[in-house]
Amino acid sequence: MERIWWEQITNANRFIDLIVSGILEGKSSVLCLHKLTPWRNTMRELVENRVLKDSNARSFELIGSPESSIGEFMLNKYCKEEKRLEYRPSKSYAQFLAESDDIVLNSRIVWVQNISSKKLGEWVDFVSEYHLSMKSDMSPAVFILEADEDLVGKITKKGVRTIVYTKEMNYFDTYAFCILAASGVSGQDYLKNYWAELLSSVCAIDIELSAKCMGHAQKFLENPYEVLCDIAESETRSDGEPFSFSLDKDYVAKKIWKTQIKIIFPVIEDYREEFVNKYREQIMTLLPIKNSQGEDLNEPEEIEIGTLYHIASKCKLVVDSNTHNELYRLKTARNTLAHLELLNLEIVKDVLGKAKFIQDGWY
């Protein structure tokens with residue numbers, strides 16, 4: 001699933017490209033990551049692979065942010081003891097390291113994770129001063145700083161650019177991921193669009209949650225809320241953290257209803273249009289027809305599914321028993337949704353099955 005997101009979803013892939021291009025240009029960046037940024041280890045791995053493919057002059061190093069002085073930490077980590085003894089307080093640590101051409105830091109891409117809010121400003125100051133102090137004929141280290149997206153406003157220093165995860169993504173990326181992932185799951189093809197829409201609606205931007213829900217395919221279609229409860233209780237994210245999200249049953253129900261409105265209503269309308277075309281001659285002889293509000297309908301195209309069922313039930317419109325039953329089921333499904341109620345999975349399958357017949361010209 002992680003490969004689908006980072007390699008096949010356009011904007012997610014572009015996000016990685018932005019990081020890679022900056023590194024290859026020798027520019028340091030702050031990655032402003034949303035708390036739900038998925039599969040971070042895979043993201044880092046793909047960045048590293050692409051950089052090394054185009055340039056093997058540097059090596060990656062993943063480090064955690066210290067609680068102590070960042071400059072002192074970097075001096076101790078990347079300088080041998082004899083080099084450390086050369087340092088004098090008349091220069092900042094960043095200046096000293098930038099002016100040193102005999103340390104391993106120059107050949108590193110330093111990826112810093114777990115930067116706290118109180119340390120981000122210090123890291124940005126250090127990296128900015130490091131780049132500004134670097135001589136033009138020297139090759140600097142490149143820093144990638146992982147920061148919480150909420151802290152983006154603190155990043156104002158020259159020499160450090162920002163790449164904001166949510167500015168590169170949108171709803172369509174989430175939906176595209178769900179479509180691609182759903183296409184690889186066995187089952188009725190005509191359900192996959194509904195499934196993808198349901199996933200993207202219920203899980204929103206939480207891509208890892210969507211992926212977990214896909215592992216409960218049939219059960220999720222039947223009862224999304226129950227699957228979410230199971231995941232919250234027993235599953236973890238790729239970083240080992242538990243899934244933490246609001247388990248509001250009414251909220252989930254509203255998302256299901258909106259999905260059904262979006263997917264089911266157009267199918268019922270397509271069926272109605274095909275039905276009117278097929279029985280146009282009979283319908284024309286019955287015009288004008290009163291609708292449920294007592295209004296006269298003078299064109300076949302104006303007649304809703306409920307009215308069609310009504311005149312068929314009164315034997316004014318002659319249809320076979322199967323067609324009459326179809327009208328009843330579709331009319332009932334439409335009324336259920338119109339009254340803000342949910343359709344069960346069997347009714348969803350029944351309605352979407354009609355969409356397949358219409359699409360394939362079987363009606």
# chains A, B, ... in the order shown; residues from 1 in each chain; ligands from 1
>>> select_by_dssp(residues="segment 132-363 of chain A", states="helix (DSSP H, G or I)", output="VMD selection string")
chain A and resid 132 to 133 149 to 154 165 to 168 171 to 183 189 to 203 207 to 214 217 to 222 224 to 234 249 to 278 280 to 286 300 to 302 305 to 313 321 to 338 345 to 359
>>> residues_around(residues="Val185 of chain A", least_positions_apart="3", cutoff="12 Å", atoms="only C-alpha atoms", output="list of chain:residue names")
A:Met1, A:Cys178, A:Ile179, A:Leu180, A:Ala181, A:Ala182, A:Gln188, A:Asp189, A:Leu191, A:Lys192, A:Asn193, A:Trp195, A:Ala196, A:Ala211, A:Met214, A:Gly215, A:His216, A:Ala217, A:Gln218
>>> residues_around(residues="Ile283 of chain A", least_positions_apart="5", cutoff="10 Å", atoms="only C-alpha atoms", output="JSON, numbers by chain")
{"A": [276, 277, 278, 288, 289, 299, 300, 301, 303, 308, 311, 316, 317, 318]}
>>> write_last_selection(atoms="N, CA and C atoms", output="mmCIF file, in the first residue's frame")
data_model
loop_
_atom_site.group_PDB
_atom_site.id
_atom_site.type_symbol
_atom_site.label_atom_id
_atom_site.label_comp_id
_atom_site.auth_asym_id
_atom_site.auth_seq_id
_atom_site.Cartn_x
_atom_site.Cartn_y
_atom_site.Cartn_z
ATOM 1 N N VAL A 276 -37.602 5.436 -18.972
ATOM 2 C CA VAL A 276 -38.466 6.370 -19.701
ATOM 3 C C VAL A 276 -38.270 6.218 -21.206
ATOM 4 N N ASN A 277 -37.038 6.069 -21.648
ATOM 5 C CA ASN A 277 -36.777 5.891 -23.076
ATOM 6 C C ASN A 277 -37.401 4.601 -23.606
ATOM 7 N N LYS A 278 -37.321 3.549 -22.804
ATOM 8 C CA LYS A 278 -37.848 2.267 -23.256
ATOM 9 C C LYS A 278 -39.378 2.276 -23.329
ATOM 10 N N PRO A 288 -51.258 14.281 -19.355
ATOM 11 C CA PRO A 288 -50.391 14.625 -18.227
ATOM 12 C C PRO A 288 -50.575 13.667 -17.050
ATOM 13 N N ILE A 289 -49.497 13.496 -16.261
ATOM 14 C CA ILE A 289 -49.526 12.631 -15.083
ATOM 15 C C ILE A 289 -49.252 13.492 -13.857
ATOM 16 N N GLU A 299 -44.126 16.064 -19.620
ATOM 17 C CA GLU A 299 -43.054 15.457 -20.399
ATOM 18 C C GLU A 299 -42.594 14.171 -19.711
ATOM 19 N N PRO A 300 -42.324 13.120 -20.464
ATOM 20 C CA PRO A 300 -41.864 11.861 -19.848
ATOM 21 C C PRO A 300 -40.631 12.060 -18.966
ATOM 22 N N GLU A 301 -39.723 12.964 -19.402
ATOM 23 C CA GLU A 301 -38.482 13.172 -18.665
ATOM 24 C C GLU A 301 -38.712 13.764 -17.271
ATOM 25 N N ILE A 303 -40.915 12.740 -15.090
ATOM 26 C CA ILE A 303 -41.540 11.771 -14.177
ATOM 27 C C ILE A 303 -40.472 11.073 -13.332
ATOM 28 N N LEU A 308 -43.341 6.669 -11.568
ATOM 29 C CA LEU A 308 -43.314 5.555 -12.526
ATOM 30 C C LEU A 308 -43.783 4.267 -11.857
ATOM 31 N N ILE A 311 -47.716 4.455 -11.356
ATOM 32 C CA ILE A 311 -48.578 4.198 -12.518
ATOM 33 C C ILE A 311 -48.423 2.760 -13.010
ATOM 34 N N LYS A 316 -51.545 1.148 -15.316
ATOM 35 C CA LYS A 316 -51.641 2.111 -16.412
ATOM 36 C C LYS A 316 -50.415 1.998 -17.321
ATOM 37 N N LEU A 317 -49.312 1.566 -16.713
ATOM 38 C CA LEU A 317 -48.079 1.338 -17.452
ATOM 39 C C LEU A 317 -47.783 -0.150 -17.385
ATOM 40 N N VAL A 318 -47.744 -0.801 -18.532
ATOM 41 C CA VAL A 318 -47.620 -2.264 -18.570
ATOM 42 C C VAL A 318 -46.153 -2.667 -18.590
#
>>> closest_residue(among="A:Phe96, A:Tyr165, A:Trp5, A:Phe265", to="Leu31 of chain A", atoms="only C-alpha atoms")
A:Tyr165
>>> residues_around(residues="segment 126-136 of chain A", least_positions_apart="6", cutoff="9 Å", atoms="only C-alpha atoms", output="number ranges by chain")
A: 27-28, 70-71, 92-99, 142-143, 157-160
>>> residues_around(residues="Arg3 of chain A", least_positions_apart="3", cutoff="12 Å", atoms="only C-alpha atoms", output="PyMOL selection string")
chain A and resi 6-9+12-13+38-43+45-46+177+180-181+208+211
>>> write_last_selection(atoms="C-alpha atoms", output="mmCIF file, in the first residue's frame")
data_model
loop_
_atom_site.group_PDB
_atom_site.id
_atom_site.type_symbol
_atom_site.label_atom_id
_atom_site.label_comp_id
_atom_site.auth_asym_id
_atom_site.auth_seq_id
_atom_site.Cartn_x
_atom_site.Cartn_y
_atom_site.Cartn_z
ATOM 1 C CA TRP A 6 4.326 7.361 -2.623
ATOM 2 C CA GLU A 7 5.008 6.124 -6.158
ATOM 3 C CA GLN A 8 1.670 6.070 -7.998
ATOM 4 C CA ILE A 9 -0.207 9.038 -6.536
ATOM 5 C CA ALA A 12 2.667 12.307 -3.196
ATOM 6 C CA ASN A 13 5.287 11.367 -5.770
ATOM 7 C CA PRO A 38 1.736 8.058 6.030
ATOM 8 C CA TRP A 39 4.624 5.604 5.881
ATOM 9 C CA ARG A 40 7.430 8.032 6.676
ATOM 10 C CA ASN A 41 10.082 5.310 6.567
ATOM 11 C CA THR A 42 9.075 4.470 3.002
ATOM 12 C CA MET A 43 9.169 8.153 2.091
ATOM 13 C CA GLU A 45 13.794 5.263 1.676
ATOM 14 C CA LEU A 46 12.469 6.451 -1.679
ATOM 15 C CA PHE A 177 -5.233 6.079 -3.669
ATOM 16 C CA LEU A 180 -5.992 2.158 -7.056
ATOM 17 C CA ALA A 181 -5.926 0.112 -3.870
ATOM 18 C CA GLU A 208 -2.811 4.528 6.650
ATOM 19 C CA ALA A 211 -5.135 0.976 3.998
#
>>> closest_residue(among="A:Val351, A:Gly240, A:Tyr78, A:Val47", to="Phe15 of chain A", atoms="only C-alpha atoms")
A:Val47
>>> closest_residue(among="A:Asn56, A:Thr174, A:Asn106, A:Ser21", to="Ser210 of chain A", atoms="only C-alpha atoms")
A:Thr174
>>> atom_distance(atom1="atom CA of Lys53 of chain A", atom2="atom CA of Asp239 of chain A")
26.3 Å
>>> closest_residue(among="A:Ser29, A:Asn114, A:Gln260, A:Gln293", to="Ile347 of chain A", atoms="only C-alpha atoms")
A:Gln260
>>> select_by_dssp(residues="segment 92-319 of chain A", states="strand (DSSP E)", output="short mmCIF file (atom, residue, chain, number, x, y, z; two decimals) with N, CA, C and O atoms, in the first residue's frame")
data_model
loop_
_atom_site.label_atom_id
_atom_site.label_comp_id
_atom_site.auth_asym_id
_atom_site.auth_seq_id
_atom_site.Cartn_x
_atom_site.Cartn_y
_atom_site.Cartn_z
N ARG A 108 27.69 14.41 3.93
CA ARG A 108 26.48 13.84 4.51
C ARG A 108 25.21 14.56 4.05
O ARG A 108 25.20 15.75 3.81
N ILE A 109 24.15 13.77 3.96
CA ILE A 109 22.79 14.29 3.91
C ILE A 109 22.20 13.93 5.26
O ILE A 109 21.96 12.75 5.55
N VAL A 110 22.03 14.91 6.11
CA VAL A 110 21.62 14.68 7.50
C VAL A 110 20.11 14.88 7.61
O VAL A 110 19.61 15.99 7.44
N TRP A 111 19.42 13.79 7.89
CA TRP A 111 17.96 13.82 8.02
C TRP A 111 17.63 13.78 9.51
O TRP A 111 17.91 12.79 10.18
N VAL A 112 17.05 14.86 10.00
CA VAL A 112 16.80 14.98 11.44
C VAL A 112 15.31 14.78 11.71
O VAL A 112 14.46 15.49 11.16
N GLN A 113 15.01 13.84 12.59
CA GLN A 113 13.61 13.59 12.94
C GLN A 113 13.39 13.87 14.42
O GLN A 113 14.34 14.11 15.18
N VAL A 142 23.88 18.68 3.43
CA VAL A 142 22.48 19.04 3.20
C VAL A 142 21.67 18.51 4.38
O VAL A 142 21.83 17.36 4.79
N PHE A 143 20.80 19.37 4.90
CA PHE A 143 19.98 18.99 6.05
C PHE A 143 18.52 18.88 5.64
O PHE A 143 18.00 19.73 4.90
N ILE A 144 17.88 17.83 6.12
CA ILE A 144 16.43 17.67 5.99
C ILE A 144 15.88 17.63 7.41
O ILE A 144 16.21 16.72 8.19
N LEU A 145 15.09 18.63 7.74
CA LEU A 145 14.54 18.73 9.09
C LEU A 145 13.06 18.38 9.08
O LEU A 145 12.27 19.06 8.43
N GLU A 146 12.69 17.33 9.77
CA GLU A 146 11.27 16.96 9.88
C GLU A 146 10.64 17.76 11.01
O GLU A 146 11.07 17.68 12.15
N ALA A 147 9.59 18.50 10.66
CA ALA A 147 8.93 19.34 11.66
C ALA A 147 7.42 19.14 11.60
O ALA A 147 6.88 18.76 10.56
N ASP A 148 6.77 19.41 12.71
CA ASP A 148 5.32 19.39 12.74
C ASP A 148 4.80 20.53 11.87
O ASP A 148 5.30 21.65 11.91
N VAL A 160 17.18 28.17 4.01
CA VAL A 160 16.40 26.98 4.38
C VAL A 160 15.00 27.11 3.77
O VAL A 160 14.27 28.04 4.09
N ARG A 161 14.65 26.24 2.89
CA ARG A 161 13.33 26.29 2.28
C ARG A 161 12.37 25.38 3.03
O ARG A 161 12.81 24.49 3.79
N THR A 162 11.09 25.57 2.82
CA THR A 162 10.08 24.72 3.47
C THR A 162 9.29 23.97 2.41
O THR A 162 8.99 24.51 1.33
N ILE A 163 8.96 22.73 2.72
CA ILE A 163 8.10 21.91 1.88
C ILE A 163 6.96 21.42 2.77
O ILE A 163 7.19 20.66 3.71
N VAL A 164 5.77 21.90 2.50
CA VAL A 164 4.62 21.63 3.37
C VAL A 164 3.77 20.51 2.77
O VAL A 164 3.25 20.64 1.66
N ILE A 289 -49.50 13.50 -16.26
CA ILE A 289 -49.53 12.63 -15.08
C ILE A 289 -49.25 13.49 -13.86
O ILE A 289 -48.36 14.35 -13.87
N LYS A 290 -50.03 13.27 -12.81
CA LYS A 290 -49.82 14.05 -11.58
C LYS A 290 -48.73 13.38 -10.73
O LYS A 290 -48.71 12.16 -10.56
N ASP A 296 -49.13 18.60 -12.41
CA ASP A 296 -49.20 17.93 -13.71
C ASP A 296 -47.82 17.86 -14.35
O ASP A 296 -47.09 18.86 -14.42
N LEU A 297 -47.47 16.66 -14.80
CA LEU A 297 -46.22 16.44 -15.52
C LEU A 297 -46.57 16.22 -16.99
O LEU A 297 -47.35 15.32 -17.32
#
>>> atom_distance(atom1="atom CA of Leu199 of chain A", atom2="atom CA of Asn344 of chain A")
16.2 Å
>>> closest_residue(among="A:Lys354, A:Lys212, A:Lys91, A:Lys80", to="Ser238 of chain A", atoms="only C-alpha atoms")
A:Lys212
>>> closest_residue(among="A:Glu72, A:Asp17, A:Asp206, A:Glu302", to="Phe245 of chain A", atoms="only C-alpha atoms")
A:Asp206
>>> residues_around(residues="segment 321-337 of chain A", least_positions_apart="4", cutoff="10 Å", atoms="only C-alpha atoms", output="PyMOL selection string")
chain A and resi 257-258+260-261+264-265+267-269+271-272+275+304-310+312-313+317+341-344+347-348+350-351+354
>>> write_last_selection(atoms="N, CA and C atoms", output="CSV table (one decimal), in the first residue's frame")
chain,number,residue,atom,x,y,z
A,257,TRP,N,-23.9,8.0,4.5
A,257,TRP,CA,-25.0,8.6,3.8
A,257,TRP,C,-24.6,9.5,2.7
A,258,LYS,N,-23.6,10.3,2.9
A,258,LYS,CA,-23.2,11.2,1.8
A,258,LYS,C,-22.6,10.4,0.7
A,260,GLN,N,-23.5,7.3,-0.1
A,260,GLN,CA,-24.6,6.7,-0.8
A,260,GLN,C,-25.3,7.7,-1.7
A,261,ILE,N,-25.5,8.9,-1.2
A,261,ILE,CA,-26.2,9.9,-2.0
A,261,ILE,C,-25.3,10.2,-3.3
A,264,ILE,N,-25.3,6.4,-5.3
A,264,ILE,CA,-26.5,5.7,-5.5
A,264,ILE,C,-27.5,6.5,-6.3
A,265,PHE,N,-27.7,7.8,-5.9
A,265,PHE,CA,-28.6,8.6,-6.6
A,265,PHE,C,-28.4,8.7,-8.1
A,267,VAL,N,-27.1,6.5,-10.1
A,267,VAL,CA,-27.5,5.2,-10.7
A,267,VAL,C,-29.0,5.1,-10.8
A,268,ILE,N,-29.7,5.5,-9.8
A,268,ILE,CA,-31.2,5.5,-9.9
A,268,ILE,C,-31.7,6.4,-11.0
A,269,GLU,N,-31.0,7.6,-11.1
A,269,GLU,CA,-31.4,8.5,-12.2
A,269,GLU,C,-31.1,7.9,-13.6
A,271,TYR,N,-31.1,4.8,-14.4
A,271,TYR,CA,-32.1,3.7,-14.6
A,271,TYR,C,-33.4,4.4,-15.0
A,272,ARG,N,-33.8,5.5,-14.3
A,272,ARG,CA,-35.0,6.1,-14.6
A,272,ARG,C,-35.0,6.6,-16.1
A,275,PHE,N,-35.4,3.8,-18.4
A,275,PHE,CA,-36.8,3.2,-18.3
A,275,PHE,C,-37.7,4.1,-19.1
A,304,GLU,N,-40.6,11.2,-12.0
A,304,GLU,CA,-39.6,10.5,-11.1
A,304,GLU,C,-39.9,9.1,-10.9
A,305,ILE,N,-39.0,8.4,-10.3
A,305,ILE,CA,-39.0,6.9,-10.2
A,305,ILE,C,-40.3,6.5,-9.4
A,306,GLY,N,-40.6,7.3,-8.4
A,306,GLY,CA,-41.8,6.9,-7.5
A,306,GLY,C,-43.1,7.0,-8.3
A,307,THR,N,-43.2,8.0,-9.1
A,307,THR,CA,-44.4,8.1,-10.0
A,307,THR,C,-44.5,7.0,-11.0
A,308,LEU,N,-43.3,6.7,-11.6
A,308,LEU,CA,-43.3,5.6,-12.5
A,308,LEU,C,-43.8,4.3,-11.9
A,309,TYR,N,-43.3,4.0,-10.6
A,309,TYR,CA,-43.8,2.8,-9.9
A,309,TYR,C,-45.3,2.9,-9.6
A,310,HIS,N,-45.7,4.1,-9.3
A,310,HIS,CA,-47.2,4.3,-9.0
A,310,HIS,C,-48.0,3.9,-10.2
A,312,ALA,N,-47.2,2.2,-12.8
A,312,ALA,CA,-47.1,0.7,-13.1
A,312,ALA,C,-47.9,-0.1,-12.2
A,313,SER,N,-48.0,0.2,-10.9
A,313,SER,CA,-48.8,-0.5,-9.9
A,313,SER,C,-50.3,-0.4,-10.2
A,317,LEU,N,-49.3,1.6,-16.7
A,317,LEU,CA,-48.1,1.3,-17.5
A,317,LEU,C,-47.8,-0.2,-17.4
A,341,GLU,N,-31.8,8.3,5.8
A,341,GLU,CA,-31.5,7.0,6.3
A,341,GLU,C,-30.5,6.2,5.5
A,342,LEU,N,-29.9,5.2,6.0
A,342,LEU,CA,-28.8,4.5,5.3
A,342,LEU,C,-29.4,3.2,4.6
A,343,LEU,N,-28.8,2.9,3.5
A,343,LEU,CA,-29.1,1.6,2.8
A,343,LEU,C,-28.2,0.6,3.3
A,344,ASN,N,-28.7,-0.7,3.5
A,344,ASN,CA,-27.8,-1.7,3.9
A,344,ASN,C,-27.1,-2.2,2.6
A,347,ILE,N,-28.9,-3.8,-0.5
A,347,ILE,CA,-29.6,-2.9,-1.3
A,347,ILE,C,-28.6,-2.1,-2.2
A,348,VAL,N,-27.5,-1.7,-1.6
A,348,VAL,CA,-26.4,-1.0,-2.4
A,348,VAL,C,-26.0,-1.9,-3.5
A,350,ASP,N,-27.7,-4.3,-4.9
A,350,ASP,CA,-28.8,-4.4,-5.9
A,350,ASP,C,-28.8,-3.2,-6.8
A,351,VAL,N,-28.7,-2.0,-6.2
A,351,VAL,CA,-28.8,-0.8,-7.0
A,351,VAL,C,-27.6,-0.7,-8.0
A,354,LYS,N,-27.6,-2.7,-11.1
A,354,LYS,CA,-28.4,-2.1,-12.2
A,354,LYS,C,-27.5,-1.1,-13.0
>>> atom_distance(atom1="atom CA of Cys32 of chain A", atom2="atom CA of Ile63 of chain A")
17.0 Å
